[in-house]
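See below for the structure under consideration.
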Amino acid sequence: MLEETKKFLSGPLGSFINNQWLTDEEGERFEVTDPCTAEPIAKVRRASAVELDSAVEAADKAFPAWSALPANERAIYLHRIADALEKNFDTIAEIETLDVGKTIENTKGFDIPFGVECIRYFADLSMSLPTDTPLAIKAMEARIHRVPYGVCGFIFPWNFPYNLLLWGIVPALAAGNTVVVKPAELTPLSTLFFAKLAEEAGLPAGVLNVVTGSGREVGEAMCNHKKIKRMSFTGSSFVGKKIGEACGRNLIPCKLELGGKGAAVVFEDADLDLAAEQLSAAITFNTGQVCCTATRWIVQESVVETFTDKVTSLLKSVKLGHGLKAETGMGPLASEKQRQTVVDYLAKGEAEGATAVLKGECVTPEGCEQGYFMTPSLLKGDTENICFKEEIFGPSAYLTTFTDEADAMEQVHSIDYGLANSVFTADLERANRVADNMACGNNWINAHNVFAYGLPYGGVNLSGLGGGVNSPETYYDYLRPQTVARPL
Ligand code: NAD
């Protein structure tokens, strides 16, 4: 472990409010563990609803000055934070790997650089997108004028703590809002490290605040707080509905980025090597704990055997181990609770009649005897099975077969999730037709898990509401439109 990582993890760690660290020895602390070894790696002070209140007050106080800055001056702060992340690249990659159990190859190759790119993208965008739009209306001088909302609240899940933090808060900050963040208790470390870098980069006090508490106490208080003017939640559909209800009661606009159960439709003319490679990666990347990944593999009957051989051979070859080891291809589940969830789903799926093409086993790679590891699994069966219908959130997929396009589409639409689907075929006309007709936020062709800034990403139905991320629209989501009109 790097000296910088050790120093940061040794703490003290706790909420970051108004550029102050609330880390005093009094009060309860919770342990953060390395899921590869189940060893404690840090202790974080558990915040209360009172701390949340102080954070909102600080953000509210900081708002007038932050929002009054010209966009380019806010963008300077954002670029300085991105510079700091690049300087501390190895440390933050190590922190994220240790906290979530991700492979260092993924944190260095995807999470950290993609997060830096997010900051630079929105910093630059904020300087070029107009906040005012003149309206062409007869006998009237009129325009839409957009202003930041004020204090924005953010609640995040544990699977991509660093990336989701940036996808969420950066457009809000670039647009002139101040933010209060509640990270997941399971994985708060990269968020706290980010706050430390933001402080060192000179971000004014109160612009970014982090409250390290539970969903029940701090999360609920956040979506009921009168001074929070906009909420964003990323997490399960179950909790998302509660957040939506609370925000609805208070008439606070809310963005919900929720769970998924992605379908991949593989036609007989598809490049089966490519489909097998993309779909095995879909359930091993981040140990399958990816909201938009493909876990329903709907494969044309005539090629199901060939496809299954190819994909199982790839899944069997994945090397499990500690995330920090360069040769590791897949890490553990993020917690024992999550591993047990996967084990329970697989047992229920088999009890309901599915066949285990590849059985998921709890295993103990060398040096990780207490870790939460599980091998990839593949079930096959009908579309009534619980493992076809519900999000499992682990290295597991469910295989069904189809006869023709209409049959495939019926299977895709037989459940209510609508986050990300894909279609694999050599026929681009069919690919575009199928992609256009899938009721889903993101539809990918001959690939799964495709992300880029400028490519909007969000869910529909059970998978989300109220926006999405990663595009110019996301920036405008954090600006409230109002009209100004003068009859001529
Ligand atoms: P979760 O819904 O259990 O928790 C998410 C966050 O909500 C945590 O910070 C938690 O403390 C908080 N929370 C819990 N109860 C709350 C309440 N009553 N009020 C306010 N806050 C509360 O989700 P999770 O298990 O942390 O994450 C996994 C889920 O997140 C999966 O369903 C996954 O698909 C989804 N996810 C979605 C996206 C997306 O972009 N659509 C991205 C990542 C993860």
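Numbering starts fresh at 1 for the residues of each chain in the structure tokens, the chains themselves are lettered A, B, ... in the order given, and ligands are numbered from 1 as they appear.
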
Could the residues that lie within 9 Å of ligand 1, counting only C-alpha atoms and all ligand atoms, be listed as a ChimeraX atom specification?
/A:154-161,164,182-186,213-223,233-240,242-243,246,256-261,289-293,338,391-393,419,457-459,463-464,468-469

Residues near segment 310-324 of chain A, cut-off 7 Å, only C-alpha atoms, skip fewer than 3 positions along chain, as a list in words
Cys36, Thr97, Gly101, Lys102, Thr103, Ile104, Asp273, Ala276, Glu277, Ser280, Thr306, Phe307, Thr328, Gly329, Met330, Gly331, Pro365, Cys368 and Pro376 of chain A

Could you dump the residues just selected with C-alpha atoms as a JSON list (two decimals), in the first residue's frame?
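Below is the file selection_15.json, written as the result:
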```json
[["chain", "number", "residue", "atom", "x", "y", "z"],
["A", 36, "CYS", "CA", -11.01, -8.88, -0.43],
["A", 97, "THR", "CA", -9.82, -0.57, -5.05],
["A", 101, "GLY", "CA", -12.87, -4.56, -4.04],
["A", 102, "LYS", "CA", -12.51, -3.43, -7.66],
["A", 103, "THR", "CA", -9.43, -4.46, -9.62],
["A", 104, "ILE", "CA", -6.65, -1.90, -9.78],
["A", 273, "ASP", "CA", -16.86, -14.15, -30.23],
["A", 276, "ALA", "CA", -19.33, -13.69, -25.70],
["A", 277, "GLU", "CA", -16.45, -11.37, -24.86],
["A", 280, "SER", "CA", -18.72, -12.19, -20.02],
["A", 306, "THR", "CA", -22.05, -22.20, -29.70],
["A", 307, "PHE", "CA", -22.59, -18.97, -27.78],
["A", 328, "THR", "CA", -6.59, -10.16, -10.90],
["A", 329, "GLY", "CA", -9.44, -10.25, -13.39],
["A", 330, "MET", "CA", -12.32, -10.03, -10.90],
["A", 331, "GLY", "CA", -12.53, -9.01, -7.25],
["A", 365, "PRO", "CA", -8.40, -17.09, -3.49],
["A", 368, "CYS", "CA", -8.05, -13.67, 0.64],
["A", 376, "PRO", "CA", -19.32, -16.17, -12.22]]
```

As JSON, numbers by chain, please: all residues of segment 244-445 of chain A that backbone DSSP puts in helix (DSSP H, G or I).
{"A": [244, 245, 246, 247, 248, 249, 250, 272, 273, 274, 275, 276, 277, 278, 279, 280, 281, 282, 283, 284, 285, 286, 287, 288, 301, 302, 303, 304, 305, 306, 307, 308, 309, 310, 311, 312, 313, 314, 315, 316, 336, 337, 338, 339, 340, 341, 342, 343, 344, 345, 346, 347, 348, 349, 350, 351, 386, 387, 388, 389, 405, 406, 407, 408, 409, 410, 411, 412, 428, 429, 430, 431, 432, 433, 434, 435, 436, 437]}

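Among the candidate residues A:Cys152, A:Val50, A:Leu455, A:Ala281, the one lying nearest to Cys254 of chain A is A:Cys152, with distances computed using only C-alpha atoms.
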
As a PyMOL selection string, please: the residues near Glu3 of chain A (cut-off 12 Å, only C-alpha atoms, same-chain neighbours under 4 positions excluded).
chain A and resi 7-10+88+90-91+94-95

For Glu26 of chain A, please output as a PyMOL selection string all residues within 12 Å (counting only C-alpha atoms; exclusion window: fewer than 2 positions along the same chain).
chain A and resi 12+14+22-24+28-29+44-47

Would you mind exporting N, CA and C atoms of the selected residues as a PDB file, in the first residue's frame?
```pdb
ATOM      1  N   PRO A  12      -7.847  10.899  11.241  1.00  0.00           N
ATOM      2  CA  PRO A  12      -9.257  10.612  11.506  1.00  0.00           C
ATOM      3  C   PRO A  12     -10.151  11.008  10.318  1.00  0.00           C
ATOM      4  N   GLY A  14     -14.259  11.646   8.838  1.00  0.00           N
ATOM      5  CA  GLY A  14     -15.640  11.960   9.204  1.00  0.00           C
ATOM      6  C   GLY A  14     -16.185  12.986   8.227  1.00  0.00           C
ATOM      7  N   LEU A  22     -15.139  16.992  10.595  1.00  0.00           N
ATOM      8  CA  LEU A  22     -15.762  16.628  11.876  1.00  0.00           C
ATOM      9  C   LEU A  22     -15.278  15.240  12.268  1.00  0.00           C
ATOM     10  N   THR A  23     -14.118  15.228  12.908  1.00  0.00           N
ATOM     11  CA  THR A  23     -13.486  13.929  13.157  1.00  0.00           C
ATOM     12  C   THR A  23     -13.151  13.729  14.636  1.00  0.00           C
ATOM     13  N   ASP A  24     -13.714  14.567  15.527  1.00  0.00           N
ATOM     14  CA  ASP A  24     -13.307  14.456  16.920  1.00  0.00           C
ATOM     15  C   ASP A  24     -13.605  13.064  17.462  1.00  0.00           C
ATOM     16  N   GLU A  28     -20.033   8.031  17.602  1.00  0.00           N
ATOM     17  CA  GLU A  28     -19.916   6.669  17.077  1.00  0.00           C
ATOM     18  C   GLU A  28     -19.095   6.668  15.787  1.00  0.00           C
ATOM     19  N   ARG A  29     -18.403   5.570  15.565  1.00  0.00           N
ATOM     20  CA  ARG A  29     -17.659   5.400  14.308  1.00  0.00           C
ATOM     21  C   ARG A  29     -18.081   4.111  13.654  1.00  0.00           C
ATOM     22  N   VAL A  44     -14.731   5.587  10.270  1.00  0.00           N
ATOM     23  CA  VAL A  44     -15.328   6.865   9.858  1.00  0.00           C
ATOM     24  C   VAL A  44     -16.385   7.246  10.888  1.00  0.00           C
ATOM     25  N   ARG A  45     -16.379   8.497  11.249  1.00  0.00           N
ATOM     26  CA  ARG A  45     -17.338   8.975  12.245  1.00  0.00           C
ATOM     27  C   ARG A  45     -18.745   8.961  11.651  1.00  0.00           C
ATOM     28  N   ARG A  46     -19.686   8.385  12.402  1.00  0.00           N
ATOM     29  CA  ARG A  46     -21.069   8.301  11.906  1.00  0.00           C
ATOM     30  C   ARG A  46     -21.791   9.627  12.175  1.00  0.00           C
ATOM     31  N   ALA A  47     -22.255  10.269  11.112  1.00  0.00           N
ATOM     32  CA  ALA A  47     -22.889  11.582  11.261  1.00  0.00           C
ATOM     33  C   ALA A  47     -24.364  11.426  11.619  1.00  0.00           C
TER      34      ALA A  47
END
```
